[in-house]
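Text of final05.cif (mmCIF, C-alpha atoms and all ligand atoms) as supplied:
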data_run
#
loop_
_atom_site.group_PDB
_atom_site.id
_atom_site.type_symbol
_atom_site.label_atom_id
_atom_site.label_comp_id
_atom_site.auth_asym_id
_atom_site.auth_seq_id
_atom_site.Cartn_x
_atom_site.Cartn_y
_atom_site.Cartn_z
ATOM 1 C CA MET Z 1 -130.055 118.279 197.979
ATOM 2 C CA GLU Z 2 -132.397 115.476 199.006
ATOM 3 C CA LEU Z 3 -133.070 111.941 197.794
ATOM 4 C CA LEU Z 4 -136.679 110.759 197.888
ATOM 5 C CA LEU Z 5 -138.402 107.506 196.947
ATOM 6 C CA VAL Z 6 -141.244 108.063 194.466
ATOM 7 C CA PRO Z 7 -144.092 105.535 194.749
ATOM 8 C CA PRO Z 8 -145.401 103.743 191.622
ATOM 9 C CA GLY Z 9 -148.264 105.556 189.896
ATOM 10 C CA PRO Z 10 -148.885 109.122 188.691
ATOM 11 C CA ASP Z 11 -145.934 110.696 190.524
ATOM 12 C CA ARG Z 12 -143.557 108.327 188.723
ATOM 13 C CA HIS Z 13 -145.263 108.770 185.365
ATOM 14 C CA ALA Z 14 -144.702 112.540 185.616
ATOM 15 C CA LEU Z 15 -140.956 111.719 185.607
ATOM 16 C CA LEU Z 16 -141.107 109.529 182.471
ATOM 17 C CA PRO Z 17 -139.433 112.202 180.240
ATOM 18 C CA LEU Z 18 -136.343 111.928 182.473
ATOM 19 C CA LEU Z 19 -136.284 108.125 182.275
ATOM 20 C CA LEU Z 20 -136.623 108.276 178.484
ATOM 21 C CA LEU Z 21 -133.349 110.237 178.307
ATOM 22 C CA ALA Z 22 -131.571 107.069 179.424
ATOM 23 C CA ASP Z 23 -133.721 104.330 177.869
ATOM 24 C CA ASP Z 24 -136.306 104.411 175.056
ATOM 25 C CA VAL Z 25 -138.228 101.497 176.600
ATOM 26 C CA ALA Z 26 -138.370 102.877 180.187
ATOM 27 C CA GLU Z 27 -142.183 102.829 180.161
ATOM 28 C CA ARG Z 28 -141.984 99.024 180.444
ATOM 29 C CA TYR Z 29 -140.540 99.107 183.960
ATOM 30 C CA ILE Z 30 -141.346 102.569 185.348
ATOM 31 C CA ASP Z 31 -143.632 101.119 188.035
ATOM 32 C CA ASP Z 32 -141.160 98.418 189.092
ATOM 33 C CA GLY Z 33 -138.451 98.572 191.755
ATOM 34 C CA ASP Z 34 -137.460 101.776 193.575
ATOM 35 C CA LEU Z 35 -137.458 105.171 191.864
ATOM 36 C CA TRP Z 36 -135.126 107.640 193.575
ATOM 37 C CA ALA Z 37 -135.628 111.345 192.843
ATOM 38 C CA PHE Z 38 -132.817 113.797 193.599
ATOM 39 C CA GLY Z 39 -133.000 117.565 193.880
ATOM 40 C CA GLU Z 40 -133.467 120.642 196.025
ATOM 41 C CA PRO Z 41 -136.332 120.311 198.529
ATOM 42 C CA GLY Z 42 -139.529 121.775 197.038
ATOM 43 C CA ALA Z 43 -137.979 122.320 193.585
ATOM 44 C CA PRO Z 44 -138.489 120.294 190.365
ATOM 45 C CA VAL Z 45 -136.539 117.030 190.343
ATOM 46 C CA ASP Z 46 -132.944 117.342 189.042
ATOM 47 C CA GLY Z 47 -132.415 113.657 188.313
ATOM 48 C CA ILE Z 48 -133.619 110.117 188.891
ATOM 49 C CA VAL Z 49 -132.263 106.618 189.418
ATOM 50 C CA LEU Z 50 -134.485 103.556 189.076
ATOM 51 C CA THR Z 51 -133.159 100.478 190.857
ATOM 52 C CA LEU Z 52 -134.290 96.871 190.433
ATOM 53 C CA PRO Z 53 -133.108 93.657 192.065
ATOM 54 C CA ALA Z 54 -130.722 91.932 189.627
ATOM 55 C CA GLY Z 55 -130.695 88.176 188.995
ATOM 56 C CA GLU Z 56 -127.939 87.472 191.503
ATOM 57 C CA ARG Z 57 -128.855 87.509 195.229
ATOM 58 C CA GLY Z 58 -127.834 90.724 197.031
ATOM 59 C CA THR Z 59 -127.247 92.532 193.728
ATOM 60 C CA VAL Z 60 -129.164 95.625 192.648
ATOM 61 C CA ASP Z 61 -129.265 97.089 189.131
ATOM 62 C CA LEU Z 62 -129.236 100.861 188.547
ATOM 63 C CA CYS Z 63 -131.348 100.313 185.468
ATOM 64 C CA ASN Z 64 -132.103 103.965 184.689
ATOM 65 C CA VAL Z 65 -129.949 106.992 185.576
ATOM 66 C CA ALA Z 66 -130.717 110.467 184.204
ATOM 67 C CA VAL Z 67 -130.217 114.147 184.986
ATOM 68 C CA HIS Z 68 -132.460 116.894 183.576
ATOM 69 C CA PRO Z 69 -130.887 118.053 180.260
ATOM 70 C CA GLU Z 70 -130.609 121.681 181.399
ATOM 71 C CA ARG Z 71 -128.798 120.657 184.587
ATOM 72 C CA GLN Z 72 -126.289 118.141 183.241
ATOM 73 C CA GLY Z 73 -122.546 118.728 183.577
ATOM 74 C CA ARG Z 74 -122.752 120.419 187.003
ATOM 75 C CA GLY Z 75 -121.888 117.473 189.242
ATOM 76 C CA ILE Z 76 -125.524 116.537 189.929
ATOM 77 C CA GLY Z 77 -125.196 113.030 188.430
ATOM 78 C CA LEU Z 78 -122.131 112.314 190.539
ATOM 79 C CA ALA Z 79 -123.817 113.561 193.747
ATOM 80 C CA MET Z 80 -127.051 111.712 192.915
ATOM 81 C CA VAL Z 81 -125.386 108.328 192.295
ATOM 82 C CA ALA Z 82 -123.311 108.767 195.486
ATOM 83 C CA ALA Z 83 -126.513 109.399 197.467
ATOM 84 C CA VAL Z 84 -128.258 106.395 195.876
ATOM 85 C CA VAL Z 85 -125.233 104.165 196.540
ATOM 86 C CA ASP Z 86 -125.338 105.212 200.230
ATOM 87 C CA ALA Z 87 -129.066 104.444 200.360
ATOM 88 C CA LEU Z 88 -128.578 101.022 198.706
ATOM 89 C CA ARG Z 89 -125.802 100.193 201.155
ATOM 90 C CA ALA Z 90 -128.119 101.163 204.031
ATOM 91 C CA GLN Z 91 -130.806 98.866 202.547
ATOM 92 C CA GLY Z 92 -128.310 95.997 202.808
ATOM 93 C CA TRP Z 93 -127.494 95.395 199.130
ATOM 94 C CA ARG Z 94 -124.059 93.822 198.659
ATOM 95 C CA ARG Z 95 -123.323 94.752 195.057
ATOM 96 C CA ALA Z 96 -124.610 97.312 192.559
ATOM 97 C CA VAL Z 97 -124.463 96.874 188.784
ATOM 98 C CA VAL Z 98 -125.128 99.270 185.938
ATOM 99 C CA GLY Z 99 -125.167 98.705 182.189
ATOM 100 C CA THR Z 100 -124.677 101.259 179.445
ATOM 101 C CA GLY Z 101 -124.513 101.230 175.657
ATOM 102 C CA THR Z 102 -120.985 101.068 174.282
ATOM 103 C CA ALA Z 103 -121.428 103.832 171.686
ATOM 104 C CA ASP Z 104 -121.339 106.770 174.110
ATOM 105 C CA PRO Z 105 -118.076 107.125 176.043
ATOM 106 C CA VAL Z 106 -119.589 109.835 178.295
ATOM 107 C CA THR Z 107 -121.626 107.286 180.232
ATOM 108 C CA TYR Z 108 -118.819 104.857 180.866
ATOM 109 C CA VAL Z 109 -116.482 107.617 181.985
ATOM 110 C CA PHE Z 110 -119.324 108.821 184.218
ATOM 111 C CA TYR Z 111 -119.885 105.439 185.907
ATOM 112 C CA GLN Z 112 -116.170 105.023 186.548
ATOM 113 C CA ARG Z 113 -116.151 108.492 188.132
ATOM 114 C CA CYS Z 114 -118.974 107.175 190.338
ATOM 115 C CA GLY Z 115 -116.687 104.349 191.510
ATOM 116 C CA PHE Z 116 -118.000 101.525 189.312
ATOM 117 C CA ARG Z 117 -115.582 99.185 187.520
ATOM 118 C CA PRO Z 118 -116.046 97.484 184.124
ATOM 119 C CA HIS Z 119 -117.298 93.895 184.480
ATOM 120 C CA HIS Z 120 -118.442 92.359 181.164
ATOM 121 C CA VAL Z 121 -120.059 93.066 177.797
ATOM 122 C CA GLU Z 122 -123.543 91.792 176.903
ATOM 123 C CA ARG Z 123 -123.953 91.687 173.131
ATOM 124 C CA ASP Z 124 -126.998 92.336 170.898
ATOM 125 C CA VAL Z 125 -129.193 94.078 173.485
ATOM 126 C CA PHE Z 126 -130.369 97.146 171.541
ATOM 127 C CA THR Z 127 -132.088 95.229 168.730
ATOM 128 C CA ARG Z 128 -135.457 95.635 167.004
ATOM 129 C CA GLU Z 129 -136.511 92.326 168.612
ATOM 130 C CA ASN Z 130 -135.926 93.925 172.021
ATOM 131 C CA GLY Z 131 -138.045 96.950 171.062
ATOM 132 C CA TYR Z 132 -135.276 99.383 170.071
ATOM 133 C CA ASP Z 133 -135.032 101.404 166.857
ATOM 134 C CA PRO Z 134 -131.377 101.479 165.689
ATOM 135 C CA GLU Z 135 -131.991 104.859 163.982
ATOM 136 C CA GLN Z 136 -132.760 106.377 167.407
ATOM 137 C CA LEU Z 137 -129.588 104.884 168.886
ATOM 138 C CA ARG Z 138 -127.028 106.540 166.633
ATOM 139 C CA GLU Z 139 -124.658 108.833 168.496
ATOM 140 C CA PRO Z 140 -123.109 112.011 167.001
ATOM 141 C CA ASN Z 141 -119.836 110.010 166.745
ATOM 142 C CA SER Z 142 -121.625 107.766 164.133
ATOM 143 C CA LEU Z 143 -121.618 104.686 166.376
ATOM 144 C CA THR Z 144 -124.950 102.935 167.012
ATOM 145 C CA HIS Z 145 -125.714 101.314 170.359
ATOM 146 C CA LEU Z 146 -125.945 97.520 170.120
ATOM 147 C CA ASP Z 147 -124.008 96.057 173.054
ATOM 148 C CA VAL Z 148 -124.116 96.845 176.784
ATOM 149 C CA LEU Z 149 -121.022 97.380 178.899
ATOM 150 C CA TRP Z 150 -121.748 96.273 182.477
ATOM 151 C CA PHE Z 151 -120.064 97.799 185.537
ATOM 152 C CA ASP Z 152 -120.217 96.840 189.178
ATOM 153 C CA LEU Z 153 -119.503 98.299 192.600
ATOM 154 C CA ILE Z 154 -119.113 96.242 195.775
ATOM 155 C CA LEU Z 155 -121.222 97.902 198.491
ATOM 156 C CA GLN Z 156 -120.321 95.934 201.625
HETATM 157 C C1 LIG Z 201 -124.898 110.543 182.246
HETATM 158 C C2 LIG Z 201 -125.511 111.620 183.156
HETATM 159 C C3 LIG Z 201 -126.451 110.946 184.170
HETATM 160 C C4 LIG Z 201 -124.391 112.337 183.911
HETATM 161 O O1 LIG Z 201 -124.959 113.295 184.821
HETATM 162 P P1 LIG Z 201 -124.308 114.765 184.940
HETATM 163 O O2 LIG Z 201 -124.962 115.470 186.067
HETATM 164 O O3 LIG Z 201 -124.355 115.415 183.617
HETATM 165 O O4 LIG Z 201 -122.789 114.372 185.287
HETATM 166 P P2 LIG Z 201 -121.783 115.160 186.246
HETATM 167 O O5 LIG Z 201 -121.852 116.610 185.978
HETATM 168 O O6 LIG Z 201 -122.006 114.703 187.654
HETATM 169 O O7 LIG Z 201 -120.386 114.600 185.700
HETATM 170 C C5 LIG Z 201 -119.591 113.700 186.419
HETATM 171 C C6 LIG Z 201 -118.428 113.243 185.543
HETATM 172 O O8 LIG Z 201 -118.919 112.453 184.456
HETATM 173 C C7 LIG Z 201 -118.170 112.770 183.253
HETATM 174 N N1 LIG Z 201 -119.053 113.475 182.308
HETATM 175 C C8 LIG Z 201 -120.337 113.832 182.508
HETATM 176 N N2 LIG Z 201 -120.828 114.435 181.395
HETATM 177 C C9 LIG Z 201 -119.814 114.445 180.488
HETATM 178 C C10 LIG Z 201 -119.698 114.908 179.137
HETATM 179 N N3 LIG Z 201 -120.716 115.471 178.484
HETATM 180 N N4 LIG Z 201 -118.513 114.733 178.502
HETATM 181 C C11 LIG Z 201 -117.464 114.152 179.130
HETATM 182 N N5 LIG Z 201 -117.509 113.681 180.413
HETATM 183 C C12 LIG Z 201 -118.672 113.830 181.074
HETATM 184 C C13 LIG Z 201 -117.039 113.676 183.689
HETATM 185 O O9 LIG Z 201 -115.957 112.858 184.078
HETATM 186 C C14 LIG Z 201 -117.664 114.383 184.887
HETATM 187 O O10 LIG Z 201 -116.707 114.843 185.790
HETATM 188 P P3 LIG Z 201 -116.043 116.310 185.613
HETATM 189 O O11 LIG Z 201 -117.200 117.264 185.551
HETATM 190 O O12 LIG Z 201 -115.213 116.451 186.835
HETATM 191 O O13 LIG Z 201 -115.277 116.259 184.329
HETATM 192 C C15 LIG Z 201 -126.286 112.702 182.333
HETATM 193 O O14 LIG Z 201 -125.430 113.239 181.384
HETATM 194 C C16 LIG Z 201 -127.542 112.198 181.668
HETATM 195 O O15 LIG Z 201 -128.612 112.184 182.254
HETATM 196 N N6 LIG Z 201 -127.453 111.818 180.364
HETATM 197 C C17 LIG Z 201 -128.623 111.368 179.611
HETATM 198 C C18 LIG Z 201 -129.163 110.061 180.127
HETATM 199 C C19 LIG Z 201 -128.118 108.987 180.087
HETATM 200 O O16 LIG Z 201 -127.385 108.832 179.113
HETATM 201 N N7 LIG Z 201 -128.075 108.184 181.174
HETATM 202 C C20 LIG Z 201 -127.154 107.088 181.316
HETATM 203 C C21 LIG Z 201 -127.639 105.973 180.490
HETATM 204 S S1 LIG Z 201 -126.809 104.503 180.869
#

Now that the file is in, can you turn its structure into structure tokens?
Amino acid sequence: MELLLVPPGPDRHALLPLLLLADDVAERYIDDGDLWAFGEPGAPVDGIVLTLPAGERGTVDLCNVAVHPERQGRGIGLAMVAAVVDALRAQGWRRAVVGTGTADPVTYVFYQRCGFRPHHVERDVFTRENGYDPEQLREPNSLTHLDVLWFDLILQ
């Protein structure tokens, strides 16, 4: 597997369907930060992580993490985040953060499997005012995403 940086522009926009799996408003920031693509050399991308500097100095936000729907559940997400974490450490970042909606336990189990630890809850993020449609954010367990659970991982 290889991890590549995708430059802003058409190559990134071709990956928008993957980013939309994780965030309905991903189009807003698709050309910002670093977009990491993970997969077999020469094959279609298996998954992506988009990273952006967070407010705090030395802290980077994994603001979009997604694996192709047909390739989920095979350890790709785990391997991809591990590779991105190594790359972020090599870039000199001191701390990584990631936020995920509280309605889907799969994602917060996933981030803990990736080594992240719960940090705090940010309330009222997935609102109409912020561009989200609550109807689109209902999980099969009948919960609707509203709040974000933040995790962090110390890198150095
Ligand atoms: C979340 C996501 C990135 C995980 O990637 P993945 O390749 O499917 O995950 P992996 O196969 O590496 O799973 C790693 C661990 O996460 C947990 N996990 C992943 N999918 C799970 C599921 N459907 N149910 C329960 N646990 C799950 C398990 O602990 C798993 O370890 P195990 O296989 O040893 O049990 C992927 O499911 C995805 O792209 N989902 C849609 C987009 C999304 O929700 N992104 C995150 C938004 S914050």

Padded axis-aligned box of region 131-136 of chain Z (5 Å per side), centre and edge lengths, Å, one decimal, as JSON:
{"center_x": -134.7, "center_y": 101.7, "center_z": 167.5, "size_x": 16.7, "size_y": 19.4, "size_z": 17.1}

Result set, the PyMOL selection byres (((chain Z and resi 138-152) around 6) and not hetatm) on current file, as a PyMOL selection string:
chain Z and resi 96-103+116-126+135-137+153

Take the residues from that selection and put them in a file with C-alpha atoms, as a PDB file, keeping the file's coordinate frame.
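And here's selection-v5.pdb as it stands now:
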ATOM      1  CA  ALA Z  96    -124.610  97.312 192.559  1.00  0.00           C
ATOM      2  CA  VAL Z  97    -124.463  96.874 188.784  1.00  0.00           C
ATOM      3  CA  VAL Z  98    -125.128  99.270 185.938  1.00  0.00           C
ATOM      4  CA  GLY Z  99    -125.167  98.705 182.189  1.00  0.00           C
ATOM      5  CA  THR Z 100    -124.677 101.259 179.445  1.00  0.00           C
ATOM      6  CA  GLY Z 101    -124.513 101.230 175.657  1.00  0.00           C
ATOM      7  CA  THR Z 102    -120.985 101.068 174.282  1.00  0.00           C
ATOM      8  CA  ALA Z 103    -121.428 103.832 171.686  1.00  0.00           C
ATOM      9  CA  PHE Z 116    -118.000 101.525 189.312  1.00  0.00           C
ATOM     10  CA  ARG Z 117    -115.582  99.185 187.520  1.00  0.00           C
ATOM     11  CA  PRO Z 118    -116.046  97.484 184.124  1.00  0.00           C
ATOM     12  CA  HIS Z 119    -117.298  93.895 184.480  1.00  0.00           C
ATOM     13  CA  HIS Z 120    -118.442  92.359 181.164  1.00  0.00           C
ATOM     14  CA  VAL Z 121    -120.059  93.066 177.797  1.00  0.00           C
ATOM     15  CA  GLU Z 122    -123.543  91.792 176.903  1.00  0.00           C
ATOM     16  CA  ARG Z 123    -123.953  91.687 173.131  1.00  0.00           C
ATOM     17  CA  ASP Z 124    -126.998  92.336 170.898  1.00  0.00           C
ATOM     18  CA  VAL Z 125    -129.193  94.078 173.485  1.00  0.00           C
ATOM     19  CA  PHE Z 126    -130.369  97.146 171.541  1.00  0.00           C
ATOM     20  CA  GLU Z 135    -131.991 104.859 163.982  1.00  0.00           C
ATOM     21  CA  GLN Z 136    -132.760 106.377 167.407  1.00  0.00           C
ATOM     22  CA  LEU Z 137    -129.588 104.884 168.886  1.00  0.00           C
ATOM     23  CA  LEU Z 153    -119.503  98.299 192.600  1.00  0.00           C
TER      24      LEU Z 153
END

Taking only C-alpha atoms and all ligand atoms into account, list the residues no farther than 10 Å from ligand LIG 201 (chain Z), as a PyMOL selection string.
chain Z and resi 18-23+46-49+62-82+98-102+104-114+148-150

Nearest-residue call for Ala37 (chain Z), choices Z:Asp86, Z:Asp61, Z:Asp11, Z:Asp24, using only C-alpha atoms:
Z:Asp11

Evaluate the PyMOL selection byres (((chain Z and resi 2-8) around 7) and not hetatm) on the structure here and hand back the selected residues as an MDAnalysis selection string.
chainID Z and resid 1 9 11:12 31 34:41

CA of Pro134 (chain Z) to CA of Ile30 (chain Z): how many Å, to one decimal?
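Interatomic distance, CA of Pro134 (chain Z) to CA of Ile30 (chain Z): 22.1 Å.
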
Just say which residues the PyMOL selection byres (((chain Z and resi 93) around 10) and not hetatm) picks in this file, as a count of residues only.
18

Quick one: distance from CA of Ala83 (chain Z) to CA of Val45 (chain Z) in Å, one decimal?
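Pair CA of Ala83 (chain Z) / CA of Val45 (chain Z) returns 14.5 Å.
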
Å distance separating CA of Glu129 (chain Z) from CA of Ala14 (chain Z), one decimal place
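Going from CA of Glu129 (chain Z) over to CA of Ala14 (chain Z) covers 27.7 Å.
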